[in-house]
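Dumped model16.csv below, it's CSV, C-alpha atoms:
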```
chain,number,residue,atom,x,y,z
Q,1,MET,CA,-1.2,5.7,-33.5
Q,2,ALA,CA,-3.6,4.9,-30.7
Q,3,THR,CA,-7.3,5.7,-30.9
Q,4,ILE,CA,-10.4,5.7,-28.7
Q,5,GLU,CA,-10.9,2.1,-29.9
Q,6,HIS,CA,-7.6,1.1,-28.4
Q,7,ILE,CA,-8.8,2.4,-25.0
Q,8,ARG,CA,-12.1,0.5,-25.4
Q,9,ARG,CA,-10.0,-2.7,-26.1
Q,10,ALA,CA,-7.8,-2.0,-23.0
Q,11,VAL,CA,-10.8,-1.6,-20.7
Q,12,ALA,CA,-12.7,-4.6,-22.1
Q,13,GLY,CA,-11.3,-7.1,-19.6
Q,14,LEU,CA,-11.5,-4.8,-16.6
Q,15,PRO,CA,-14.2,-5.7,-14.1
Q,16,GLY,CA,-16.9,-3.0,-13.3
Q,17,VAL,CA,-16.0,-0.6,-16.2
Q,18,GLU,CA,-18.7,1.5,-17.7
Q,19,GLU,CA,-18.2,3.9,-20.7
Q,20,ARG,CA,-20.3,7.1,-20.7
Q,21,GLU,CA,-20.6,10.0,-23.1
Q,22,ARG,CA,-20.0,13.4,-21.5
Q,23,THR,CA,-19.6,16.9,-22.8
Q,24,SER,CA,-15.9,16.3,-23.5
Q,25,GLY,CA,-16.4,12.9,-25.2
Q,26,ALA,CA,-16.0,9.4,-23.9
Q,27,SER,CA,-15.3,8.7,-20.3
Q,28,TRP,CA,-14.6,5.4,-18.4
Q,29,PHE,CA,-15.8,4.8,-14.9
Q,30,VAL,CA,-15.4,2.1,-12.3
Q,31,ARG,CA,-18.0,2.1,-9.6
Q,32,ASN,CA,-19.1,5.7,-10.7
Q,33,ARG,CA,-15.5,7.0,-10.4
Q,34,PRO,CA,-13.9,8.3,-13.5
Q,35,PHE,CA,-10.4,6.9,-14.4
Q,36,ALA,CA,-10.0,7.8,-18.0
Q,37,TRP,CA,-11.6,10.5,-20.2
Q,38,GLU,CA,-11.3,12.5,-23.4
Q,39,VAL,CA,-10.1,16.0,-22.7
Q,40,HIS,CA,-12.0,19.0,-23.9
Q,41,PRO,CA,-10.4,22.4,-24.4
Q,42,TRP,CA,-12.1,24.2,-21.5
Q,43,PRO,CA,-11.4,27.8,-20.9
Q,44,SER,CA,-9.8,27.0,-17.5
Q,45,ILE,CA,-7.0,25.1,-19.2
Q,46,PRO,CA,-3.8,27.1,-20.0
Q,47,ALA,CA,-3.9,28.5,-23.5
Q,48,ASP,CA,-0.9,26.6,-24.8
Q,49,MET,CA,-2.4,23.3,-23.6
Q,50,ARG,CA,-5.9,24.3,-24.8
Q,51,ALA,CA,-4.4,24.8,-28.4
Q,52,ILE,CA,-3.0,21.2,-28.3
Q,53,ILE,CA,-6.3,19.7,-27.0
Q,54,ALA,CA,-8.3,21.6,-29.7
Q,55,SER,CA,-6.1,20.3,-32.5
Q,56,GLU,CA,-5.7,16.6,-31.6
Q,57,PRO,CA,-7.3,13.9,-29.4
Q,58,VAL,CA,-6.1,14.1,-25.8
Q,59,VAL,CA,-7.0,11.7,-23.1
Q,60,ALA,CA,-6.4,12.0,-19.3
Q,61,VAL,CA,-6.1,9.2,-16.8
Q,62,LYS,CA,-5.8,9.0,-13.0
Q,63,VAL,CA,-2.4,8.2,-11.6
Q,64,ALA,CA,-1.4,7.0,-8.2
Q,65,ASP,CA,0.1,10.3,-7.2
Q,66,ARG,CA,1.4,13.6,-8.5
Q,67,VAL,CA,5.0,12.3,-8.6
Q,68,ASP,CA,3.9,9.6,-11.1
Q,69,ALA,CA,2.3,12.3,-13.3
Q,70,LEU,CA,5.4,14.5,-13.2
Q,71,ALA,CA,7.7,11.6,-14.0
Q,72,LEU,CA,5.7,10.7,-17.1
Q,73,VAL,CA,5.8,14.4,-18.3
Q,74,GLU,CA,9.5,14.5,-17.7
Q,75,MET,CA,10.1,11.1,-19.4
Q,76,ALA,CA,8.1,11.9,-22.6
Q,77,PRO,CA,7.1,15.6,-22.9
Q,78,GLU,CA,6.2,15.1,-26.5
Q,79,VAL,CA,3.5,12.6,-25.4
Q,80,PHE,CA,2.3,13.9,-22.0
Q,81,LEU,CA,0.9,17.4,-21.4
Q,82,ARG,CA,2.5,19.4,-18.5
Q,83,THR,CA,-0.9,20.4,-17.2
Q,84,THR,CA,-4.6,20.6,-18.0
Q,85,THR,CA,-6.7,21.8,-15.1
Q,86,ALA,CA,-6.1,23.0,-11.6
Q,87,TRP,CA,-8.2,20.2,-10.2
Q,88,CYS,CA,-6.4,18.5,-7.3
Q,89,GLU,CA,-6.7,14.8,-8.2
Q,90,PRO,CA,-3.5,13.3,-9.5
Q,91,LYS,CA,-3.9,12.8,-13.3
Q,92,VAL,CA,-1.9,13.0,-16.5
Q,93,ALA,CA,-3.1,13.9,-20.0
Q,94,PHE,CA,-1.5,12.6,-23.1
Q,95,ARG,CA,-1.7,13.0,-26.9
Q,96,LEU,CA,-3.5,9.9,-28.0
Q,97,GLY,CA,-1.8,9.8,-31.4
Q,98,ALA,CA,1.7,10.0,-29.8
Q,99,ILE,CA,1.4,7.0,-27.4
Q,100,ASP,CA,2.1,3.4,-28.3
Q,101,ASP,CA,-0.5,0.8,-27.7
Q,102,GLU,CA,1.3,-1.1,-24.9
Q,103,HIS,CA,2.0,2.1,-22.9
Q,104,LEU,CA,-1.7,3.2,-23.4
Q,105,ARG,CA,-2.9,-0.2,-22.1
Q,106,GLU,CA,-0.6,0.1,-19.1
Q,107,LEU,CA,-1.8,3.6,-18.3
Q,108,VAL,CA,-5.4,2.7,-18.6
Q,109,ILE,CA,-5.0,-0.4,-16.3
Q,110,ASP,CA,-3.1,1.6,-13.8
Q,111,ALA,CA,-5.7,4.3,-13.8
Q,112,TRP,CA,-8.4,1.7,-13.3
Q,113,ARG,CA,-6.4,0.3,-10.4
Q,114,ALA,CA,-6.2,3.8,-8.8
Q,115,GLU,CA,-10.0,4.0,-8.7
Q,116,ALA,CA,-11.3,0.4,-8.5
Q,117,PRO,CA,-12.2,-1.1,-5.1
Q,118,ARG,CA,-10.1,-3.9,-3.7
Q,119,TYR,CA,-12.5,-6.7,-4.6
Q,120,LEU,CA,-12.5,-5.7,-8.3
Q,121,ARG,CA,-8.7,-5.4,-8.4
Q,122,ARG,CA,-8.6,-8.9,-6.8
Q,123,ALA,CA,-11.1,-10.3,-9.4
Q,124,PHE,CA,-8.8,-9.0,-12.1
Q,125,ASP,CA,-5.6,-10.2,-10.6
Q,126,GLU,CA,-6.9,-13.6,-9.6
Q,127,PRO,CA,-9.5,-14.7,-12.2
Q,128,GLU,CA,-11.8,-17.6,-11.3
Q,129,PRO,CA,-10.2,-20.9,-12.2
Q,130,GLY,CA,-11.7,-22.6,-15.2
Q,131,PRO,CA,-13.2,-26.1,-15.2
Q,132,SER,CA,-10.7,-28.9,-14.7
```
Written form, structure tokens:
Amino acid sequence: MATIEHIRRAVAGLPGVEERERTSGASWFVRNRPFAWEVHPWPSIPADMRAIIASEPVVAVKVADRVDALALVEMAPEVFLRTTTAWCEPKVAFRLGAIDDEHLRELVIDAWRAEAPRYLRRAFDEPEPGPS
């Protein structure tokens, strides 16, 4: 079962990441752009999804596009929530306790890539060579 600490470990090696506390809980940013956050059961969220969010930890992450989000929901509806808010940015929310560590790490890194500027993605992909 994944926890917020698993997310913290996943973002530890990503350049430019900052964790902030917000009303809904922990959020992770790269260059002031959110890429992962705890979801709060806001009134604007559909009632069935709000009930899930109120009863267990749920995290949302940015995705490359809506097709990716829909594919994740179709692939594992027991893990991924069908919708959270009407906001337009492509994102997907998931039950933190239902996702395995490796998939969580992949989602967080992909979300970071969706928001990180090119120079930070390059720094992550091509780390500085160590002393010879």
| From the set Q:His40, Q:Arg95, Q:Arg33, Q:Arg22, which residue has the shortest atom-to-atom contact distance to Ala114 (chain Q), counting all atoms listed in the file? |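 Smallest distance to Ala114 (chain Q) is found for Q:Arg33.
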| request: Find the residues near Asp65 (chain Q): any atom within 9 Å, counting only C-alpha atoms, skip ones fewer than 5 places away on the same chain, and give them as a PyMOL selection string. | output: chain Q and resi 89-91
| field | Residue neighbourhood Trp28 (chain Q), 12 Å, only C-alpha atoms, exclusion window fewer than 4 positions, as a PyMOL selection string | value | chain Q and resi 4+7-8+10-12+14-22+32-38+59-62+108-109+111-112+115-116
| query | Of the residues Q:Thr83, Q:Ala98, Q:Ala123, Q:Glu106, which is the one nearest to Ile45 (chain Q), using all atoms listed in the file? | reply |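 Result for the nearest residue to Ile45 (chain Q): Q:Thr83.
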| What separation in Å, quoted to one decimal, exists between CA of Trp42 (chain Q) and CA of Ser24 (chain Q)? |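 Calculated distance between CA of Trp42 (chain Q) and CA of Ser24 (chain Q) is 9.0 Å.
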| said: Residues within 8 Å of Met49 (chain Q), please, as a list of chain:residue names. Count only C-alpha atoms; anything in the same chain fewer than 2 positions from it doesn't count. | reply: Q:Ile45, Q:Pro46, Q:Ala47, Q:Ala51, Q:Ile52, Q:Ile53, Q:Leu81, Q:Thr83, Q:Thr84
| query | How far is it from CA of Ala64 (chain Q) to CA of Glu5 (chain Q), in Å with one decimal? | reply |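 CA of Glu5 (chain Q) lies 24.2 Å from CA of Ala64 (chain Q).
In terms of minimum interatomic distance to His103 (chain Q), Q:Val79 ranks closest within Q:Val67, Q:Val79, Q:Val30, Q:Leu120, counting all atoms listed in the file.
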| request: Name the closest residue to Arg66 (chain Q) among the candidates Q:Val92, Q:Met1, Q:Ile99, Q:Ala26; distances are taken between atoms, counting all atoms listed in the file. | output: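 Ranking Q:Val92, Q:Met1, Q:Ile99, Q:Ala26 by distance to Arg66 (chain Q), first place goes to Q:Val92.
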| query | Looking at Q:Thr23, Q:Gly13, Q:Thr3, Q:Ser44, which one is nearest to Arg121 (chain Q), with distances taken over only C-alpha atoms? | reply |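 Of the candidates, the smallest distance to Arg121 (chain Q) is held by Q:Gly13.
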Can you fill out region 88-102 of chain Q with N, CA and C atoms and hand it back as a short mmCIF file (atom, residue, chain, number, x, y, z; two decimals), in the coordinates of the input?
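For reference, selection-v6.cif as written:
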```cif
data_model
loop_
_atom_site.label_atom_id
_atom_site.label_comp_id
_atom_site.auth_asym_id
_atom_site.auth_seq_id
_atom_site.Cartn_x
_atom_site.Cartn_y
_atom_site.Cartn_z
N CYS Q 88 -7.41 19.06 -8.19
CA CYS Q 88 -6.40 18.50 -7.30
C CYS Q 88 -6.08 17.04 -7.51
N GLU Q 89 -6.98 16.26 -8.09
CA GLU Q 89 -6.70 14.80 -8.20
C GLU Q 89 -5.47 14.57 -9.05
N PRO Q 90 -4.69 13.57 -8.70
CA PRO Q 90 -3.50 13.30 -9.50
C PRO Q 90 -3.97 12.65 -10.86
N LYS Q 91 -3.55 13.25 -11.94
CA LYS Q 91 -3.90 12.80 -13.30
C LYS Q 91 -2.82 13.21 -14.24
N VAL Q 92 -2.85 12.63 -15.43
CA VAL Q 92 -1.90 13.00 -16.50
C VAL Q 92 -2.71 12.95 -17.79
N ALA Q 93 -2.47 13.92 -18.66
CA ALA Q 93 -3.10 13.90 -20.00
C ALA Q 93 -2.02 13.65 -21.03
N PHE Q 94 -2.44 12.98 -22.10
CA PHE Q 94 -1.50 12.60 -23.10
C PHE Q 94 -2.12 12.71 -24.51
N ARG Q 95 -1.25 12.93 -25.50
CA ARG Q 95 -1.70 13.00 -26.90
C ARG Q 95 -1.95 11.52 -27.33
N LEU Q 96 -3.16 11.26 -27.68
CA LEU Q 96 -3.50 9.90 -28.00
C LEU Q 96 -2.75 9.39 -29.25
N GLY Q 97 -2.53 10.25 -30.21
CA GLY Q 97 -1.80 9.80 -31.40
C GLY Q 97 -0.32 9.65 -31.22
N ALA Q 98 0.22 10.06 -30.07
CA ALA Q 98 1.70 10.00 -29.80
C ALA Q 98 2.06 8.83 -28.93
N ILE Q 99 1.10 8.08 -28.41
CA ILE Q 99 1.40 7.00 -27.40
C ILE Q 99 1.30 5.66 -28.11
N ASP Q 100 2.18 4.74 -27.75
CA ASP Q 100 2.10 3.40 -28.30
C ASP Q 100 1.04 2.58 -27.59
N ASP Q 101 0.56 1.56 -28.25
CA ASP Q 101 -0.50 0.80 -27.70
C ASP Q 101 -0.25 0.14 -26.36
N GLU Q 102 0.96 -0.38 -26.19
CA GLU Q 102 1.30 -1.10 -24.90
C GLU Q 102 1.33 -0.06 -23.77
#
```
